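Coordinates as given in data38.cif (mmCIF, C-alpha atoms):
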```cif
data_work
loop_
_atom_site.label_atom_id
_atom_site.label_comp_id
_atom_site.auth_asym_id
_atom_site.auth_seq_id
_atom_site.Cartn_x
_atom_site.Cartn_y
_atom_site.Cartn_z
CA MET A 1 0.00 0.00 0.00
CA LEU A 2 2.76 2.45 0.96
CA SER A 3 6.43 2.66 -0.04
CA ILE A 4 8.78 4.93 1.90
CA VAL A 5 11.91 5.78 -0.10
CA SER A 6 14.97 7.40 1.44
CA PRO A 7 18.55 7.85 0.14
CA VAL A 8 21.42 7.27 2.55
CA TYR A 9 24.88 8.79 2.29
CA ASN A 10 27.15 8.55 5.35
CA GLU A 11 24.21 8.69 7.77
CA GLU A 12 25.62 6.30 10.37
CA PRO A 13 24.60 8.52 13.34
CA CYS A 14 21.00 8.95 12.09
CA LEU A 15 19.96 5.62 10.59
CA SER A 16 18.84 3.66 13.64
CA GLU A 17 16.70 6.52 14.96
CA PHE A 18 15.35 7.21 11.47
CA LEU A 19 14.23 3.60 11.01
CA ARG A 20 12.65 3.50 14.46
CA ARG A 21 10.61 6.63 13.87
CA VAL A 22 9.58 5.67 10.34
CA GLU A 23 8.37 2.28 11.58
CA LEU A 24 6.29 3.96 14.28
CA ALA A 25 4.80 6.41 11.77
CA ALA A 26 3.95 3.63 9.31
CA ALA A 27 2.43 1.46 12.06
CA ASP A 28 0.18 4.34 13.14
CA LEU A 29 -1.22 4.52 9.60
CA GLY A 30 -2.26 0.89 9.78
CA VAL A 31 -1.42 0.11 6.14
CA THR A 32 0.90 -2.43 4.55
CA HIS A 33 4.20 -0.72 3.90
CA GLU A 34 7.77 -1.13 2.75
CA ILE A 35 10.84 0.98 3.51
CA ILE A 36 13.42 1.28 0.74
CA LEU A 37 16.87 2.60 1.64
CA ILE A 38 19.34 3.46 -1.12
CA ASP A 39 22.96 3.55 0.02
CA ASP A 40 24.57 6.08 -2.29
CA GLY A 41 28.15 4.91 -1.90
CA SER A 42 28.52 5.55 1.84
CA VAL A 43 32.04 5.19 3.27
CA ASP A 44 31.01 4.90 6.94
CA ARG A 45 29.02 2.09 8.66
CA SER A 46 25.71 3.00 7.06
CA TRP A 47 25.47 -0.21 5.03
CA SER A 48 26.38 -2.36 8.03
CA ILE A 49 23.60 -0.73 10.06
CA ILE A 50 21.15 -1.36 7.21
CA GLU A 51 22.17 -5.03 7.03
CA GLU A 52 21.66 -5.42 10.78
CA ALA A 53 18.22 -3.81 10.57
CA LEU A 54 17.23 -6.11 7.70
CA ARG A 55 17.47 -9.13 9.98
CA ASN A 56 14.66 -7.86 12.20
CA ASN A 57 12.50 -5.89 9.78
CA ARG A 58 10.73 -7.73 6.98
CA ALA A 59 9.35 -4.46 5.59
CA LEU A 60 12.84 -3.09 4.97
CA ARG A 61 14.50 -3.33 1.53
CA ALA A 62 17.98 -2.12 0.70
CA ILE A 63 19.86 -1.09 -2.43
CA ARG A 64 23.58 -0.37 -2.49
CA PHE A 65 25.19 1.61 -5.29
CA SER A 66 28.62 0.65 -6.59
CA ARG A 67 29.72 4.24 -5.93
CA ASN A 68 28.27 7.65 -5.16
CA PHE A 69 25.88 8.67 -7.96
CA GLY A 70 24.19 11.59 -6.23
CA HIS A 71 21.15 12.30 -4.08
CA HIS A 72 18.67 12.84 -6.91
CA VAL A 73 19.79 9.71 -8.77
CA ALA A 74 19.32 7.73 -5.55
CA LEU A 75 15.76 9.08 -5.31
CA SER A 76 15.14 7.90 -8.87
CA ALA A 77 16.45 4.43 -8.00
CA GLY A 78 14.09 4.25 -5.05
CA LEU A 79 11.14 5.05 -7.31
CA ASP A 80 12.30 2.39 -9.78
CA TYR A 81 12.10 -0.27 -7.07
CA ALA A 82 9.06 1.00 -5.12
CA SER A 83 5.93 -1.13 -5.50
CA GLY A 84 3.45 0.70 -3.28
CA GLU A 85 0.21 2.31 -4.40
CA TRP A 86 1.54 5.46 -2.73
CA VAL A 87 5.22 6.40 -2.47
CA VAL A 88 6.66 8.73 0.14
CA VAL A 89 10.06 10.27 -0.58
CA MET A 90 12.07 11.74 2.28
CA ASP A 91 15.63 12.31 3.51
CA SER A 92 17.15 10.07 6.17
CA ASP A 93 18.68 12.78 8.40
CA LEU A 94 15.32 13.38 10.16
CA GLN A 95 14.96 16.93 8.88
CA ASP A 96 11.89 15.45 7.21
CA ASN A 97 9.75 14.44 10.20
CA PRO A 98 8.36 10.88 9.84
CA ASP A 99 5.32 11.87 11.93
CA GLU A 100 4.23 14.10 9.03
CA ILE A 101 3.79 11.10 6.70
CA ALA A 102 0.24 10.77 8.05
CA VAL A 103 -0.45 14.40 7.08
CA LEU A 104 0.75 13.83 3.51
CA TYR A 105 -1.14 10.55 3.21
CA GLY A 106 -4.36 12.03 4.55
CA LYS A 107 -4.21 14.92 2.09
CA ALA A 108 -3.46 12.58 -0.81
CA ARG A 109 -6.55 10.53 0.01
CA GLU A 110 -8.64 13.64 -0.66
CA GLY A 111 -8.01 13.14 -4.38
CA PHE A 112 -4.52 14.49 -5.07
CA ASP A 113 -1.79 12.66 -6.99
CA VAL A 114 1.12 14.57 -5.43
CA VAL A 115 1.26 16.23 -2.01
CA LEU A 116 4.38 18.28 -1.23
CA GLY A 117 5.60 18.89 2.30
CA ARG A 118 5.98 22.66 2.69
CA ARG A 119 8.25 23.45 5.64
CA GLU A 120 6.61 25.96 7.98
CA ARG A 121 9.89 27.12 9.47
CA ARG A 122 13.17 26.06 7.95
CA ARG A 123 15.89 25.11 10.42
CA HIS A 124 18.73 25.95 8.03
CA GLY A 125 21.14 28.81 8.61
CA VAL A 126 20.47 32.32 7.36
CA LEU A 127 23.00 32.05 4.51
CA LYS A 128 21.57 28.76 3.25
CA GLN A 129 18.01 30.12 3.34
CA LEU A 130 19.11 33.24 1.45
CA LEU A 131 20.87 31.18 -1.21
CA ALA A 132 17.81 28.93 -1.53
CA ARG A 133 15.53 31.91 -2.10
CA LEU A 134 17.87 33.34 -4.73
CA PHE A 135 18.16 29.97 -6.45
CA TYR A 136 14.41 29.37 -6.63
CA ARG A 137 13.75 32.92 -7.74
CA GLY A 138 16.21 32.47 -10.60
CA LEU A 139 14.84 29.01 -11.40
CA ASN A 140 11.25 30.28 -11.52
CA TYR A 141 12.28 33.10 -13.84
CA LEU A 142 14.35 30.97 -16.19
CA SER A 143 12.00 27.99 -16.30
CA ASP A 144 8.67 29.84 -16.05
CA GLY A 145 7.90 27.57 -13.09
CA THR A 146 6.44 28.08 -9.63
CA PHE A 147 8.90 26.27 -7.37
CA ASP A 148 8.49 27.04 -3.65
CA PRO A 149 11.78 27.48 -1.73
CA ARG A 150 10.10 25.96 1.35
CA VAL A 151 9.51 22.65 -0.44
CA GLY A 152 12.24 20.00 -0.46
CA VAL A 153 12.05 16.36 -1.56
CA PHE A 154 9.56 15.36 1.17
CA ARG A 155 6.34 14.36 -0.62
CA ILE A 156 3.88 11.57 -1.40
CA MET A 157 3.03 10.46 -4.94
CA SER A 158 0.52 8.11 -6.48
CA ARG A 159 1.58 5.03 -8.44
CA GLN A 160 0.65 6.73 -11.72
CA VAL A 161 2.88 9.72 -11.01
CA VAL A 162 5.76 7.47 -9.95
CA GLY A 163 5.46 5.53 -13.20
CA GLU A 164 5.63 8.69 -15.28
CA VAL A 165 8.61 10.07 -13.35
CA CYS A 166 10.44 6.75 -13.82
CA ARG A 167 10.08 7.17 -17.58
CA LEU A 168 12.14 10.37 -17.47
CA ARG A 169 15.73 9.15 -17.76
CA GLU A 170 17.72 12.32 -18.40
CA VAL A 171 21.20 12.31 -16.88
CA SER A 172 21.02 15.77 -15.29
CA ARG A 173 18.36 15.16 -12.66
CA PHE A 174 16.49 17.69 -10.56
CA PHE A 175 13.91 15.60 -8.72
CA SER A 176 11.46 18.38 -7.82
CA GLY A 177 11.51 19.63 -11.41
CA LEU A 178 10.77 16.17 -12.81
CA VAL A 179 7.78 15.70 -10.52
CA ALA A 180 6.48 19.17 -11.36
CA TRP A 181 6.90 18.54 -15.10
CA VAL A 182 4.71 15.41 -15.21
CA GLY A 183 1.78 17.41 -13.86
CA PHE A 184 -1.33 15.71 -12.42
CA ARG A 185 -3.21 17.07 -9.39
CA GLN A 186 -0.58 18.52 -7.08
CA THR A 187 -0.91 20.45 -3.83
CA SER A 188 1.13 21.14 -0.69
CA VAL A 189 0.58 21.05 3.06
CA ASP A 190 2.53 22.63 5.91
CA VAL A 191 4.82 20.25 7.79
CA GLN A 192 7.30 20.65 10.60
CA HIS A 193 10.92 20.91 9.53
CA GLY A 194 13.24 19.21 11.99
CA SER A 195 16.91 19.81 12.68
CA ARG A 196 19.49 17.33 11.46
CA TYR A 197 19.53 14.53 14.06
CA ALA A 198 23.30 14.04 13.96
CA GLY A 199 26.31 14.39 11.69
CA ASP A 200 27.15 17.01 9.09
CA THR A 201 25.19 18.23 6.10
CA LYS A 202 25.74 16.37 2.84
CA TYR A 203 25.00 19.51 0.83
CA PRO A 204 27.81 22.03 1.41
CA LEU A 205 27.88 25.24 -0.60
CA ARG A 206 29.82 23.68 -3.48
CA ARG A 207 27.25 20.91 -3.99
CA GLN A 208 24.38 23.37 -3.65
CA ILE A 209 25.85 25.47 -6.46
CA SER A 210 26.35 22.36 -8.60
CA LEU A 211 22.72 21.32 -8.05
CA ALA A 212 21.54 24.84 -8.91
CA VAL A 213 23.46 24.80 -12.19
CA ASP A 214 22.10 21.33 -13.05
CA ALA A 215 18.54 22.44 -12.33
CA LEU A 216 18.82 25.65 -14.33
CA LEU A 217 20.34 24.00 -17.38
CA ALA A 218 18.10 20.93 -17.25
CA PHE A 219 14.82 22.83 -17.15
CA SER A 220 15.45 25.99 -19.12
CA GLU A 221 16.75 27.22 -22.46
CA LYS A 222 16.51 30.84 -21.36
CA PRO A 223 20.25 31.19 -20.63
CA LEU A 224 20.89 30.69 -24.35
CA LYS A 225 18.24 33.25 -25.23
CA LEU A 226 19.65 35.69 -22.69
CA ALA A 227 23.09 35.24 -24.27
CA ILE A 228 21.58 36.24 -27.62
CA TYR A 229 19.98 39.31 -26.05
CA VAL A 230 23.23 40.35 -24.36
CA GLY A 231 25.21 39.84 -27.56
CA THR A 232 22.67 41.84 -29.55
CA SER A 233 22.76 44.66 -27.01
CA PHE A 234 26.54 44.92 -27.12
CA ALA A 235 26.56 44.77 -30.92
CA SER A 236 23.96 47.56 -31.09
CA ALA A 237 25.92 49.66 -28.63
CA GLY A 238 29.07 49.10 -30.68
CA ILE A 239 27.37 50.19 -33.91
CA LEU A 240 25.99 53.34 -32.28
CA TYR A 241 29.41 54.13 -30.81
CA ALA A 242 31.06 53.65 -34.22
CA ILE A 243 28.56 56.02 -35.85
CA ALA A 244 29.21 58.60 -33.15
CA ILE A 245 32.97 58.37 -33.72
CA VAL A 246 32.58 58.81 -37.49
CA VAL A 247 30.38 61.87 -37.00
CA ARG A 248 32.80 63.43 -34.50
CA ALA A 249 35.74 62.69 -36.79
CA LEU A 250 34.01 64.40 -39.74
CA LEU A 251 33.36 67.42 -37.50
CA GLY A 252 37.00 67.51 -36.46
CA GLN A 253 36.25 66.91 -32.78
CA ILE A 254 38.68 63.99 -32.37
CA ALA A 255 42.33 64.90 -32.26
CA VAL A 256 43.83 61.72 -30.77
CA LEU A 257 42.36 58.26 -31.09
CA GLY A 258 41.37 56.72 -27.72
CA TYR A 259 43.51 53.67 -26.98
CA ALA A 260 41.85 53.02 -23.63
CA SER A 261 38.30 53.05 -24.99
CA LEU A 262 39.33 50.73 -27.82
CA MET A 263 40.86 48.20 -25.42
CA ALA A 264 37.83 48.38 -23.12
CA ALA A 265 35.49 47.67 -26.03
CA ILE A 266 37.62 44.72 -27.19
CA LEU A 267 37.79 43.21 -23.70
CA ILE A 268 34.05 43.58 -23.07
CA VAL A 269 33.02 42.12 -26.42
CA GLY A 270 35.60 39.34 -26.12
CA GLY A 271 34.41 38.47 -22.62
CA VAL A 272 30.76 38.32 -23.70
CA SER A 273 31.68 36.14 -26.68
CA THR A 274 33.68 33.75 -24.50
CA ILE A 275 30.85 33.42 -21.98
CA THR A 276 28.34 32.75 -24.75
CA ILE A 277 30.54 30.08 -26.35
CA GLY A 278 31.11 28.48 -22.95
CA LEU A 279 27.36 28.41 -22.23
CA VAL A 280 26.67 26.72 -25.55
CA GLY A 281 29.46 24.26 -24.76
CA VAL A 282 27.83 23.32 -21.45
CA TYR A 283 24.55 22.51 -23.20
CA VAL A 284 26.38 20.51 -25.87
CA GLY A 285 28.25 18.60 -23.16
CA ARG A 286 24.98 17.64 -21.52
CA VAL A 287 23.60 16.44 -24.83
CA PHE A 288 26.76 14.36 -25.26
CA LYS A 289 26.29 12.75 -21.83
CA GLN A 290 22.66 11.99 -22.60
CA VAL A 291 23.18 10.35 -26.00
CA LYS A 292 25.75 7.94 -24.53
CA ALA A 293 22.75 6.31 -22.80
CA ARG A 294 24.70 5.07 -19.80
CA PRO A 295 22.67 3.76 -16.84
CA LEU A 296 21.72 6.34 -14.23
CA TYR A 297 23.20 4.13 -11.53
CA VAL A 298 24.85 0.76 -10.93
CA VAL A 299 23.64 -1.53 -8.13
CA SER A 300 26.24 -3.65 -6.37
CA GLU A 301 23.84 -5.27 -3.87
CA ARG A 302 20.13 -5.40 -3.24
CA ILE A 303 18.45 -7.24 -0.40
CA ASN A 304 14.88 -8.27 0.42
CA PHE A 305 13.42 -7.70 -3.05
CA ALA A 306 11.38 -10.52 -4.57
CA GLY A 307 11.04 -11.08 -8.31
CA ASP A 308 12.37 -9.04 -11.18
CA HIS A 309 13.12 -5.35 -11.31
CA PRO A 310 9.67 -3.71 -11.21
CA SER A 311 10.51 -0.75 -13.43
CA ALA A 312 12.91 -1.75 -16.20
CA TRP A 313 12.39 1.41 -18.21
CA ALA A 314 14.05 1.57 -21.62
CA ASP A 315 15.84 4.64 -22.88
CA PRO A 316 14.17 6.04 -26.05
CA LEU A 317 17.62 6.57 -27.60
CA SER A 318 18.71 2.99 -27.10
CA SER A 319 17.32 -0.54 -27.19
CA TRP A 320 19.26 -1.42 -24.03
CA PRO A 321 17.51 -1.10 -20.65
CA ILE A 322 19.14 1.61 -18.58
CA SER A 323 17.87 0.81 -15.10
CA ALA A 324 19.65 -1.28 -12.51
CA PRO A 325 20.02 -5.05 -12.92
CA ALA A 326 17.28 -7.33 -11.68
CA GLY A 327 17.66 -9.48 -8.58
CA THR A 328 15.92 -12.31 -6.83
CA ASP A 329 15.17 -13.29 -3.28
CA GLN A 330 16.21 -11.92 0.09
CA GLY A 331 19.86 -12.09 0.96
CA GLU A 332 21.12 -12.71 -2.56
CA LYS A 333 23.75 -10.22 -3.73
CA HIS A 334 24.40 -9.19 -7.31
CA GLU A 335 27.26 -7.58 -9.10
CA GLY A 336 26.51 -4.24 -10.78
#
```
Now that the file is in, can you turn its structure into structure tokens?
Amino acid sequence: MLSIVSPVYNEEPCLSEFLRRVELAAADLGVTHEIILIDDGSVDRSWSIIEEALRNNRALRAIRFSRNFGHHVALSAGLDYASGEWVVVMDSDLQDNPDEIAVLYGKAREGFDVVLGRRERRRHGVLKQLLARLFYRGLNYLSDGTFDPRVGVFRIMSRQVVGEVCRLREVSRFFSGLVAWVGFRQTSVDVQHGSRYAGDTKYPLRRQISLAVDALLAFSEKPLKLAIYVGTSFASAGILYAIAIVVRALLGQIAVLGYASLMAAILIVGGVSTITIGLVGVYVGRVFKQVKARPLYVVSERINFAGDHPSAWADPLSSWPISAPAGTDQGEKHEG
């Protein structure tokens, strides 16, 4: 009835408490459930803790990547393997409160396909909140979207929505954007945003900037259009300046040619040209990565899954399946 999907990356201090609280929240709902943890190449004891928990929890399933593929790819893997009629996606550091699963589920039962958890009061620092607002404001402008900076990955989705999201296999993944793109009846509810239970954040400033760039380039072509507008503006200004110089020269108002102004014009135009070429190169590079049709992730182990891979989606550019390899019964381990 309900699948709870959560990526794990070096969450050794949080995992045991996370599993305990998720189990309590699922038990309170009184529905059949499964918990799917995706170990995204952790280098601490996260996988060992998951293996220990598997011995005592028949509802727990586990996937281990061969290396770190990224948070949003891990979310996609969890959706690939989820079999519930409803799928909850949340982080494993307890900033997403498991008690709020009932709120999302109750709202979804009113007739919505997607219910987003909107954090009433974010527990992040001032700098991180400011950067998030700037990022979403830029993303909304460039993509003509309506992304809310208070909404993270915490949400519940119907089986139909999950199936459509699983069909989207682009390499540059922005999970919230993919869910928004597929449409259906979506709404949001206020939820409590908790503090990180233990450990350090897995999204330092460098990774936040990288995610922002991925999201902007994956969901918008406006940067290319803006480059055209900027180039046109500079070219127009240059033509007007050249006409003004010719007129002043004919009137005898220029005695000495301006070396400094000439160099400034060359540097400005050259800089704009270089930026534009670089921007086009970034888009071309992403197209190159996509047409190679490599799998989004590689699974080294999976435990407690029965039967074949439930969502072996095929890439439209290739006849080869691009999802993770299928497995069999509990305890069996597979090479990626």
CA of Asp93 (chain A) and CA of Leu168 (chain A), how far apart in Å?
->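 Interatomic distance, CA of Leu168 (chain A) to CA of Asp93 (chain A): 26.8 Å.
Distance-wise, CA of Glu12 (chain A) and CA of Asp39 (chain A) end up 11.0 Å apart.
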Surrounding residues of region 96-105 of chain A excluding itself and chain neighbours under 3 positions, 7 Å, all atoms listed in the file, as a ChimeraX atom specification | /A:21-22,25,29,90-91,108-109,115,154-156,191-194
CA of Ala59 (chain A) to CA of Arg302 (chain A), straight-line distance in Å |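 It comes out at 14.0 Å.
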Which of A:Ala227, A:Val246, A:Ile303, A:Met157 sits closest to Val272 (chain A) [using all atoms listed in the file] | A:Ala227
Could you tell me which residues the PyMOL selection byres ((chain A and resi 57) around 10) grabs in this file, written as a PyMOL selection string?
-> chain A and resi 19+23+34-35+52-56+58-61+304
Which residue of A:Gly41, A:Pro295, A:Gly84, A:Gly271 approaches Ser66 (chain A) most closely, using only C-alpha atoms | A:Gly41
Which residues, named as in the file, does the PyMOL selection byres ((chain A and resi 286) around 10) pick out? Answer as a PDB file with C-alpha atoms, in the coordinates of the input.
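What follows is the written file out_3.pdb:
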```
ATOM      1  CA  GLU A 170      17.720  12.320 -18.400  1.00  0.00           C
ATOM      2  CA  VAL A 171      21.200  12.310 -16.880  1.00  0.00           C
ATOM      3  CA  SER A 172      21.020  15.770 -15.290  1.00  0.00           C
ATOM      4  CA  ASP A 214      22.100  21.330 -13.050  1.00  0.00           C
ATOM      5  CA  LEU A 217      20.340  24.000 -17.380  1.00  0.00           C
ATOM      6  CA  ALA A 218      18.100  20.930 -17.250  1.00  0.00           C
ATOM      7  CA  GLY A 281      29.460  24.260 -24.760  1.00  0.00           C
ATOM      8  CA  VAL A 282      27.830  23.320 -21.450  1.00  0.00           C
ATOM      9  CA  TYR A 283      24.550  22.510 -23.200  1.00  0.00           C
ATOM     10  CA  VAL A 284      26.380  20.510 -25.870  1.00  0.00           C
ATOM     11  CA  GLY A 285      28.250  18.600 -23.160  1.00  0.00           C
ATOM     12  CA  VAL A 287      23.600  16.440 -24.830  1.00  0.00           C
ATOM     13  CA  PHE A 288      26.760  14.360 -25.260  1.00  0.00           C
ATOM     14  CA  LYS A 289      26.290  12.750 -21.830  1.00  0.00           C
ATOM     15  CA  GLN A 290      22.660  11.990 -22.600  1.00  0.00           C
ATOM     16  CA  VAL A 291      23.180  10.350 -26.000  1.00  0.00           C
TER      17      VAL A 291
END
```
Which is closest to Val280 (chain A) among A:Lys107, A:Arg133, A:Lys292, A:Lys225, if we use all atoms listed in the file?
->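 Ranked by minimum distance to Val280 (chain A), first place goes to A:Lys225.
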